[in-house]
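Coordinates from model-v3.cif are shown below (mmCIF, N, CA and C atoms).
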```cif
data_protein
loop_
_atom_site.label_atom_id
_atom_site.label_comp_id
_atom_site.auth_asym_id
_atom_site.auth_seq_id
_atom_site.Cartn_x
_atom_site.Cartn_y
_atom_site.Cartn_z
N MET K 28 22.89 14.00 -33.25
CA MET K 28 22.86 13.40 -31.94
C MET K 28 23.56 12.04 -32.02
N PRO K 29 24.56 11.77 -31.15
CA PRO K 29 25.29 10.50 -31.21
C PRO K 29 24.40 9.35 -30.76
N LEU K 30 24.65 8.22 -31.39
CA LEU K 30 23.93 7.01 -31.00
C LEU K 30 24.49 6.46 -29.70
N GLU K 31 23.59 6.06 -28.83
CA GLU K 31 24.03 5.44 -27.58
C GLU K 31 24.13 3.94 -27.80
N THR K 32 25.25 3.40 -27.40
CA THR K 32 25.40 1.95 -27.48
C THR K 32 25.48 1.45 -26.05
N SER K 33 24.65 0.51 -25.76
CA SER K 33 24.67 -0.07 -24.42
C SER K 33 24.77 -1.58 -24.54
N THR K 34 25.35 -2.16 -23.52
CA THR K 34 25.47 -3.60 -23.48
C THR K 34 24.11 -4.17 -23.07
N PRO K 35 23.61 -5.14 -23.82
CA PRO K 35 22.30 -5.70 -23.47
C PRO K 35 22.36 -6.44 -22.14
N THR K 36 21.24 -6.46 -21.44
CA THR K 36 21.15 -7.22 -20.21
C THR K 36 20.97 -8.68 -20.57
N ARG K 37 21.81 -9.50 -20.01
CA ARG K 37 21.75 -10.94 -20.26
C ARG K 37 21.20 -11.63 -19.02
N GLY K 38 20.80 -12.89 -19.18
CA GLY K 38 20.27 -13.64 -18.07
C GLY K 38 21.26 -13.83 -16.94
N TYR K 39 22.55 -13.74 -17.24
CA TYR K 39 23.59 -13.93 -16.24
C TYR K 39 24.18 -12.62 -15.73
N SER K 40 23.65 -11.49 -16.19
CA SER K 40 24.24 -10.20 -15.84
C SER K 40 24.35 -9.99 -14.33
N ALA K 41 23.33 -10.37 -13.59
CA ALA K 41 23.33 -10.14 -12.14
C ALA K 41 24.38 -10.99 -11.44
N SER K 42 24.72 -12.14 -12.00
CA SER K 42 25.68 -13.04 -11.36
C SER K 42 26.96 -13.19 -12.17
N LYS K 43 27.25 -12.20 -12.98
CA LYS K 43 28.40 -12.29 -13.89
C LYS K 43 29.72 -12.52 -13.14
N ASP K 44 29.92 -11.83 -12.03
CA ASP K 44 31.17 -12.02 -11.27
C ASP K 44 31.29 -13.44 -10.75
N GLN K 45 30.18 -14.00 -10.25
CA GLN K 45 30.20 -15.38 -9.77
C GLN K 45 30.47 -16.35 -10.93
N LEU K 46 29.86 -16.08 -12.06
CA LEU K 46 30.06 -16.92 -13.24
C LEU K 46 31.52 -16.90 -13.68
N LEU K 47 32.10 -15.72 -13.73
CA LEU K 47 33.50 -15.60 -14.13
C LEU K 47 34.42 -16.29 -13.13
N ALA K 48 34.12 -16.18 -11.84
CA ALA K 48 34.94 -16.86 -10.83
C ALA K 48 34.86 -18.37 -11.00
N ARG K 49 33.65 -18.87 -11.24
CA ARG K 49 33.48 -20.31 -11.43
C ARG K 49 34.23 -20.79 -12.67
N LEU K 50 34.14 -20.03 -13.76
CA LEU K 50 34.87 -20.40 -14.98
C LEU K 50 36.37 -20.35 -14.77
N SER K 51 36.84 -19.42 -13.97
CA SER K 51 38.26 -19.34 -13.67
C SER K 51 38.72 -20.58 -12.89
N ARG K 52 37.89 -21.03 -11.94
CA ARG K 52 38.23 -22.26 -11.21
C ARG K 52 38.27 -23.46 -12.15
N ILE K 53 37.32 -23.52 -13.06
CA ILE K 53 37.30 -24.63 -14.03
C ILE K 53 38.55 -24.59 -14.89
N GLU K 54 38.94 -23.40 -15.30
CA GLU K 54 40.16 -23.25 -16.09
C GLU K 54 41.37 -23.79 -15.31
N GLY K 55 41.41 -23.49 -14.02
CA GLY K 55 42.49 -24.01 -13.18
C GLY K 55 42.47 -25.52 -13.09
N GLN K 56 41.27 -26.09 -13.02
CA GLN K 56 41.16 -27.55 -12.99
C GLN K 56 41.69 -28.16 -14.29
N VAL K 57 41.40 -27.53 -15.41
CA VAL K 57 41.88 -28.04 -16.70
C VAL K 57 43.41 -27.99 -16.74
N ARG K 58 43.97 -26.88 -16.26
CA ARG K 58 45.44 -26.80 -16.21
C ARG K 58 46.01 -27.87 -15.29
N GLY K 59 45.28 -28.19 -14.22
CA GLY K 59 45.72 -29.25 -13.31
C GLY K 59 45.77 -30.60 -14.01
N ILE K 60 44.80 -30.86 -14.86
CA ILE K 60 44.81 -32.10 -15.63
C ILE K 60 46.02 -32.14 -16.57
N GLU K 61 46.31 -31.01 -17.17
CA GLU K 61 47.48 -30.95 -18.03
C GLU K 61 48.75 -31.32 -17.25
N ARG K 62 48.87 -30.80 -16.04
CA ARG K 62 50.03 -31.14 -15.21
C ARG K 62 50.02 -32.63 -14.82
N MET K 63 48.82 -33.17 -14.58
CA MET K 63 48.73 -34.59 -14.26
C MET K 63 49.23 -35.45 -15.41
N VAL K 64 48.87 -35.09 -16.63
CA VAL K 64 49.32 -35.84 -17.81
C VAL K 64 50.83 -35.70 -17.96
N GLU K 65 51.33 -34.47 -17.79
CA GLU K 65 52.77 -34.26 -17.91
C GLU K 65 53.56 -35.08 -16.90
N SER K 66 52.98 -35.29 -15.71
CA SER K 66 53.69 -36.04 -14.68
C SER K 66 53.28 -37.52 -14.64
N ASP K 67 52.63 -37.98 -15.72
CA ASP K 67 52.29 -39.40 -15.88
C ASP K 67 51.46 -39.94 -14.71
N ARG K 68 50.45 -39.21 -14.29
CA ARG K 68 49.58 -39.66 -13.22
C ARG K 68 48.70 -40.81 -13.70
N TYR K 69 48.15 -41.54 -12.76
CA TYR K 69 47.30 -42.70 -13.01
C TYR K 69 46.06 -42.27 -13.79
N CYS K 70 45.72 -43.06 -14.82
CA CYS K 70 44.61 -42.72 -15.73
C CYS K 70 43.30 -42.45 -14.99
N ILE K 71 42.98 -43.27 -14.03
CA ILE K 71 41.71 -43.13 -13.30
C ILE K 71 41.68 -41.82 -12.54
N ASP K 72 42.79 -41.39 -12.00
CA ASP K 72 42.85 -40.10 -11.31
C ASP K 72 42.54 -38.95 -12.28
N ILE K 73 43.08 -39.04 -13.48
CA ILE K 73 42.82 -38.02 -14.50
C ILE K 73 41.36 -38.04 -14.91
N LEU K 74 40.82 -39.23 -15.13
CA LEU K 74 39.41 -39.35 -15.51
C LEU K 74 38.49 -38.81 -14.41
N THR K 75 38.85 -39.01 -13.17
CA THR K 75 38.07 -38.47 -12.05
C THR K 75 38.04 -36.95 -12.11
N GLN K 76 39.17 -36.35 -12.41
CA GLN K 76 39.23 -34.90 -12.52
C GLN K 76 38.43 -34.39 -13.73
N ILE K 77 38.47 -35.13 -14.82
CA ILE K 77 37.68 -34.75 -15.99
C ILE K 77 36.19 -34.79 -15.66
N ALA K 78 35.76 -35.81 -14.93
CA ALA K 78 34.35 -35.90 -14.53
C ALA K 78 33.96 -34.72 -13.65
N ALA K 79 34.86 -34.29 -12.77
CA ALA K 79 34.58 -33.14 -11.91
C ALA K 79 34.44 -31.87 -12.74
N ILE K 80 35.27 -31.71 -13.75
CA ILE K 80 35.18 -30.54 -14.62
C ILE K 80 33.88 -30.57 -15.41
N GLN K 81 33.51 -31.74 -15.92
CA GLN K 81 32.25 -31.84 -16.66
C GLN K 81 31.07 -31.48 -15.77
N ALA K 82 31.09 -31.92 -14.53
CA ALA K 82 30.01 -31.59 -13.59
C ALA K 82 29.98 -30.09 -13.33
N ALA K 83 31.14 -29.48 -13.18
CA ALA K 83 31.20 -28.04 -12.94
C ALA K 83 30.68 -27.27 -14.16
N LEU K 84 31.03 -27.71 -15.35
CA LEU K 84 30.53 -27.06 -16.57
C LEU K 84 29.03 -27.24 -16.71
N ASP K 85 28.53 -28.42 -16.34
CA ASP K 85 27.08 -28.65 -16.37
C ASP K 85 26.36 -27.68 -15.45
N LYS K 86 26.93 -27.44 -14.28
CA LYS K 86 26.32 -26.52 -13.33
C LYS K 86 26.31 -25.10 -13.90
N VAL K 87 27.38 -24.70 -14.56
CA VAL K 87 27.42 -23.40 -15.22
C VAL K 87 26.34 -23.33 -16.29
N ALA K 88 26.25 -24.38 -17.10
CA ALA K 88 25.27 -24.41 -18.19
C ALA K 88 23.85 -24.31 -17.64
N LEU K 89 23.55 -25.03 -16.57
CA LEU K 89 22.21 -24.98 -15.99
C LEU K 89 21.89 -23.59 -15.46
N GLY K 90 22.87 -22.95 -14.86
CA GLY K 90 22.67 -21.59 -14.39
C GLY K 90 22.40 -20.62 -15.53
N LEU K 91 23.13 -20.79 -16.63
CA LEU K 91 22.90 -19.94 -17.80
C LEU K 91 21.52 -20.20 -18.40
N LEU K 92 21.13 -21.46 -18.46
CA LEU K 92 19.79 -21.79 -18.98
C LEU K 92 18.69 -21.20 -18.11
N ASP K 93 18.87 -21.27 -16.80
CA ASP K 93 17.88 -20.71 -15.90
C ASP K 93 17.75 -19.20 -16.11
N GLY K 94 18.88 -18.52 -16.18
CA GLY K 94 18.85 -17.07 -16.42
C GLY K 94 18.23 -16.74 -17.76
N HIS K 95 18.57 -17.53 -18.77
CA HIS K 95 18.03 -17.30 -20.11
C HIS K 95 16.51 -17.50 -20.11
N ALA K 96 16.05 -18.54 -19.45
CA ALA K 96 14.60 -18.81 -19.40
C ALA K 96 13.87 -17.65 -18.75
N HIS K 97 14.40 -17.14 -17.66
CA HIS K 97 13.72 -16.07 -16.94
C HIS K 97 13.83 -14.72 -17.63
N THR K 98 14.98 -14.44 -18.21
CA THR K 98 15.22 -13.11 -18.78
C THR K 98 14.87 -13.04 -20.26
N CYS K 99 15.35 -13.99 -21.02
CA CYS K 99 15.25 -13.90 -22.48
C CYS K 99 14.01 -14.58 -23.05
N VAL K 100 13.44 -15.54 -22.33
CA VAL K 100 12.24 -16.23 -22.82
C VAL K 100 11.00 -15.62 -22.18
N ILE K 101 10.92 -15.71 -20.87
CA ILE K 101 9.73 -15.16 -20.18
C ILE K 101 9.67 -13.65 -20.36
N GLY K 102 10.82 -13.00 -20.35
CA GLY K 102 10.86 -11.54 -20.48
C GLY K 102 10.73 -11.03 -21.90
N ALA K 103 10.68 -11.94 -22.87
CA ALA K 103 10.58 -11.52 -24.28
C ALA K 103 9.16 -11.05 -24.59
N GLU K 104 9.05 -10.31 -25.67
CA GLU K 104 7.73 -9.93 -26.17
C GLU K 104 6.97 -11.20 -26.52
N ALA K 105 5.67 -11.17 -26.37
CA ALA K 105 4.84 -12.37 -26.57
C ALA K 105 5.09 -13.04 -27.92
N GLU K 106 5.25 -12.24 -28.98
CA GLU K 106 5.44 -12.82 -30.31
C GLU K 106 6.84 -13.43 -30.48
N GLU K 107 7.76 -13.18 -29.56
CA GLU K 107 9.12 -13.74 -29.63
C GLU K 107 9.31 -14.96 -28.74
N GLN K 108 8.39 -15.21 -27.83
CA GLN K 108 8.59 -16.26 -26.83
C GLN K 108 8.71 -17.66 -27.43
N ASP K 109 7.91 -17.98 -28.43
CA ASP K 109 8.02 -19.31 -29.05
C ASP K 109 9.38 -19.51 -29.69
N ALA K 110 9.86 -18.51 -30.40
CA ALA K 110 11.17 -18.62 -31.05
C ALA K 110 12.28 -18.73 -30.02
N ARG K 111 12.18 -17.94 -28.95
CA ARG K 111 13.19 -18.00 -27.90
C ARG K 111 13.18 -19.34 -27.19
N THR K 112 11.98 -19.90 -26.98
CA THR K 112 11.88 -21.22 -26.35
C THR K 112 12.50 -22.28 -27.25
N ALA K 113 12.23 -22.22 -28.54
CA ALA K 113 12.83 -23.18 -29.47
C ALA K 113 14.34 -23.07 -29.48
N GLU K 114 14.84 -21.86 -29.46
CA GLU K 114 16.28 -21.62 -29.42
C GLU K 114 16.89 -22.23 -28.16
N MET K 115 16.23 -22.03 -27.01
CA MET K 115 16.73 -22.57 -25.75
C MET K 115 16.70 -24.09 -25.77
N MET K 116 15.63 -24.68 -26.29
CA MET K 116 15.55 -26.13 -26.32
C MET K 116 16.59 -26.74 -27.25
N ALA K 117 16.93 -26.05 -28.32
CA ALA K 117 18.00 -26.51 -29.21
C ALA K 117 19.34 -26.51 -28.45
N ALA K 118 19.55 -25.48 -27.64
CA ALA K 118 20.78 -25.42 -26.83
C ALA K 118 20.80 -26.57 -25.82
N VAL K 119 19.67 -26.88 -25.20
CA VAL K 119 19.58 -28.00 -24.27
C VAL K 119 19.91 -29.29 -25.01
N GLY K 120 19.38 -29.45 -26.20
CA GLY K 120 19.68 -30.64 -27.00
C GLY K 120 21.16 -30.79 -27.29
N ARG K 121 21.82 -29.69 -27.62
CA ARG K 121 23.27 -29.75 -27.87
C ARG K 121 24.03 -30.13 -26.61
N LEU K 122 23.60 -29.63 -25.48
CA LEU K 122 24.27 -29.97 -24.21
C LEU K 122 24.11 -31.44 -23.88
N MET K 123 22.97 -32.01 -24.19
CA MET K 123 22.70 -33.39 -23.83
C MET K 123 23.38 -34.40 -24.76
N ARG K 124 23.80 -33.98 -25.94
CA ARG K 124 24.40 -34.89 -26.91
C ARG K 124 25.88 -35.11 -26.75
N ARG K 125 26.49 -34.55 -25.77
CA ARG K 125 27.94 -34.58 -25.68
C ARG K 125 28.47 -35.96 -25.33
N GLY K 126 28.53 -36.92 -25.86
CA GLY K 126 29.10 -38.13 -25.37
C GLY K 126 28.73 -39.20 -26.21
#
```
If you convert what's in this file into structure tokens, what do you get?
Amino acid sequence: MPLETSTPTRGYSASKDQLLARLSRIEGQVRGIERMVESDRYCIDILTQIAAIQAALDKVALGLLDGHAHTCVIGAEAEEQDARTAEMMAAVGRLMRRG
């Protein structure tokens, strides 16, 4: 009997299309910054765009954390919840240290 391989359900599975669209927009913003540098735009204008990208990435990260908390932590078996919570909090710590 062949083994069935299935893609695991992730916390973002229900909103995957929205997540990909948001990441695509962020990618476009990054390319826009590249064009700004190539055309010697004013530093503050570039920094403003970088701040907007960081805010957009933070929003993506918060959405992923929310999905992870509901699906992978709360939905985990009782004996796995502490480990999953620790894993999530380590990820939060990494996100907060960027700067």
(request) Name the closest residue to Arg37 of chain K among the candidates K:Asp85, K:Glu54, K:Asp93, K:Glu61; distances are taken between atoms, counting only C-alpha atoms. (result) K:Asp93
(request) For atom N of Gln56 of chain K and atom N of Arg68 of chain K, determine how far apart the two atoms are, in Å to one decimal place. (result)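 Taking atom N of Gln56 of chain K as the start and atom N of Arg68 of chain K as the end point, the length is 16.1 Å.
Picture a line from atom C of Thr98 of chain K to atom C of Ala118 of chain K; it runs 15.8 Å.
Across the structure, atom N of Val57 of chain K and atom CA of Ile80 of chain K are spaced 7.0 Å apart.
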(request) Could you give me the residues within segment 33-124 of chain K that DSSP places in helix (DSSP H, G or I), as a ChimeraX atom specification? (result) /K:40-65,70-100,105-123
(message) With only C-alpha atoms as the counted atoms, please give the residues lying no more than 10 Å from Met115 of chain K, apart from itself and same-chain residues fewer than 6 positions off, as a list in words.
(response) Leu92, His95, Ala96, Cys99, Val100, Asp109 and Arg121 of chain K
(message) Once the PyMOL selection byres (((chain K and resi 81 and name CA) around 12) and name CA) has been evaluated on this model, what residues remain selected, and can you format them as a ChimeraX atom specification?
(response) /K:50,53-54,56-57,74-80,82-88,122,125-126
Residues from the last selection, N, CA and C atoms, saved as a PDB file, in the frame of the given file:
```pdb
ATOM      1  N   LEU K  50      34.140 -20.030 -13.760  1.00  0.00           N
ATOM      2  CA  LEU K  50      34.870 -20.400 -14.980  1.00  0.00           C
ATOM      3  C   LEU K  50      36.370 -20.350 -14.770  1.00  0.00           C
ATOM      4  N   ILE K  53      37.320 -23.520 -13.060  1.00  0.00           N
ATOM      5  CA  ILE K  53      37.300 -24.630 -14.030  1.00  0.00           C
ATOM      6  C   ILE K  53      38.550 -24.590 -14.890  1.00  0.00           C
ATOM      7  N   GLU K  54      38.940 -23.400 -15.300  1.00  0.00           N
ATOM      8  CA  GLU K  54      40.160 -23.250 -16.090  1.00  0.00           C
ATOM      9  C   GLU K  54      41.370 -23.790 -15.310  1.00  0.00           C
ATOM     10  N   GLN K  56      41.270 -26.090 -13.020  1.00  0.00           N
ATOM     11  CA  GLN K  56      41.160 -27.550 -12.990  1.00  0.00           C
ATOM     12  C   GLN K  56      41.690 -28.160 -14.290  1.00  0.00           C
ATOM     13  N   VAL K  57      41.400 -27.530 -15.410  1.00  0.00           N
ATOM     14  CA  VAL K  57      41.880 -28.040 -16.700  1.00  0.00           C
ATOM     15  C   VAL K  57      43.410 -27.990 -16.740  1.00  0.00           C
ATOM     16  N   LEU K  74      40.820 -39.230 -15.130  1.00  0.00           N
ATOM     17  CA  LEU K  74      39.410 -39.350 -15.510  1.00  0.00           C
ATOM     18  C   LEU K  74      38.490 -38.810 -14.410  1.00  0.00           C
ATOM     19  N   THR K  75      38.850 -39.010 -13.170  1.00  0.00           N
ATOM     20  CA  THR K  75      38.070 -38.470 -12.050  1.00  0.00           C
ATOM     21  C   THR K  75      38.040 -36.950 -12.110  1.00  0.00           C
ATOM     22  N   GLN K  76      39.170 -36.350 -12.410  1.00  0.00           N
ATOM     23  CA  GLN K  76      39.230 -34.900 -12.520  1.00  0.00           C
ATOM     24  C   GLN K  76      38.430 -34.390 -13.730  1.00  0.00           C
ATOM     25  N   ILE K  77      38.470 -35.130 -14.820  1.00  0.00           N
ATOM     26  CA  ILE K  77      37.680 -34.750 -15.990  1.00  0.00           C
ATOM     27  C   ILE K  77      36.190 -34.790 -15.660  1.00  0.00           C
ATOM     28  N   ALA K  78      35.760 -35.810 -14.930  1.00  0.00           N
ATOM     29  CA  ALA K  78      34.350 -35.900 -14.530  1.00  0.00           C
ATOM     30  C   ALA K  78      33.960 -34.720 -13.650  1.00  0.00           C
ATOM     31  N   ALA K  79      34.860 -34.290 -12.770  1.00  0.00           N
ATOM     32  CA  ALA K  79      34.580 -33.140 -11.910  1.00  0.00           C
ATOM     33  C   ALA K  79      34.440 -31.870 -12.740  1.00  0.00           C
ATOM     34  N   ILE K  80      35.270 -31.710 -13.750  1.00  0.00           N
ATOM     35  CA  ILE K  80      35.180 -30.540 -14.620  1.00  0.00           C
ATOM     36  C   ILE K  80      33.880 -30.570 -15.410  1.00  0.00           C
ATOM     37  N   ALA K  82      31.090 -31.920 -14.530  1.00  0.00           N
ATOM     38  CA  ALA K  82      30.010 -31.590 -13.590  1.00  0.00           C
ATOM     39  C   ALA K  82      29.980 -30.090 -13.330  1.00  0.00           C
ATOM     40  N   ALA K  83      31.140 -29.480 -13.180  1.00  0.00           N
ATOM     41  CA  ALA K  83      31.200 -28.040 -12.940  1.00  0.00           C
ATOM     42  C   ALA K  83      30.680 -27.270 -14.160  1.00  0.00           C
ATOM     43  N   LEU K  84      31.030 -27.710 -15.350  1.00  0.00           N
ATOM     44  CA  LEU K  84      30.530 -27.060 -16.570  1.00  0.00           C
ATOM     45  C   LEU K  84      29.030 -27.240 -16.710  1.00  0.00           C
ATOM     46  N   ASP K  85      28.530 -28.420 -16.340  1.00  0.00           N
ATOM     47  CA  ASP K  85      27.080 -28.650 -16.370  1.00  0.00           C
ATOM     48  C   ASP K  85      26.360 -27.680 -15.450  1.00  0.00           C
ATOM     49  N   LYS K  86      26.930 -27.440 -14.280  1.00  0.00           N
ATOM     50  CA  LYS K  86      26.320 -26.520 -13.330  1.00  0.00           C
ATOM     51  C   LYS K  86      26.310 -25.100 -13.900  1.00  0.00           C
ATOM     52  N   VAL K  87      27.380 -24.700 -14.560  1.00  0.00           N
ATOM     53  CA  VAL K  87      27.420 -23.400 -15.220  1.00  0.00           C
ATOM     54  C   VAL K  87      26.340 -23.330 -16.290  1.00  0.00           C
ATOM     55  N   ALA K  88      26.250 -24.380 -17.100  1.00  0.00           N
ATOM     56  CA  ALA K  88      25.270 -24.410 -18.190  1.00  0.00           C
ATOM     57  C   ALA K  88      23.850 -24.310 -17.640  1.00  0.00           C
ATOM     58  N   LEU K 122      23.600 -29.630 -25.480  1.00  0.00           N
ATOM     59  CA  LEU K 122      24.270 -29.970 -24.210  1.00  0.00           C
ATOM     60  C   LEU K 122      24.110 -31.440 -23.880  1.00  0.00           C
ATOM     61  N   ARG K 125      26.490 -34.550 -25.770  1.00  0.00           N
ATOM     62  CA  ARG K 125      27.940 -34.580 -25.680  1.00  0.00           C
ATOM     63  C   ARG K 125      28.470 -35.960 -25.330  1.00  0.00           C
ATOM     64  N   GLY K 126      28.530 -36.920 -25.860  1.00  0.00           N
ATOM     65  CA  GLY K 126      29.100 -38.130 -25.370  1.00  0.00           C
ATOM     66  C   GLY K 126      28.730 -39.200 -26.210  1.00  0.00           C
TER      67      GLY K 126
END
```
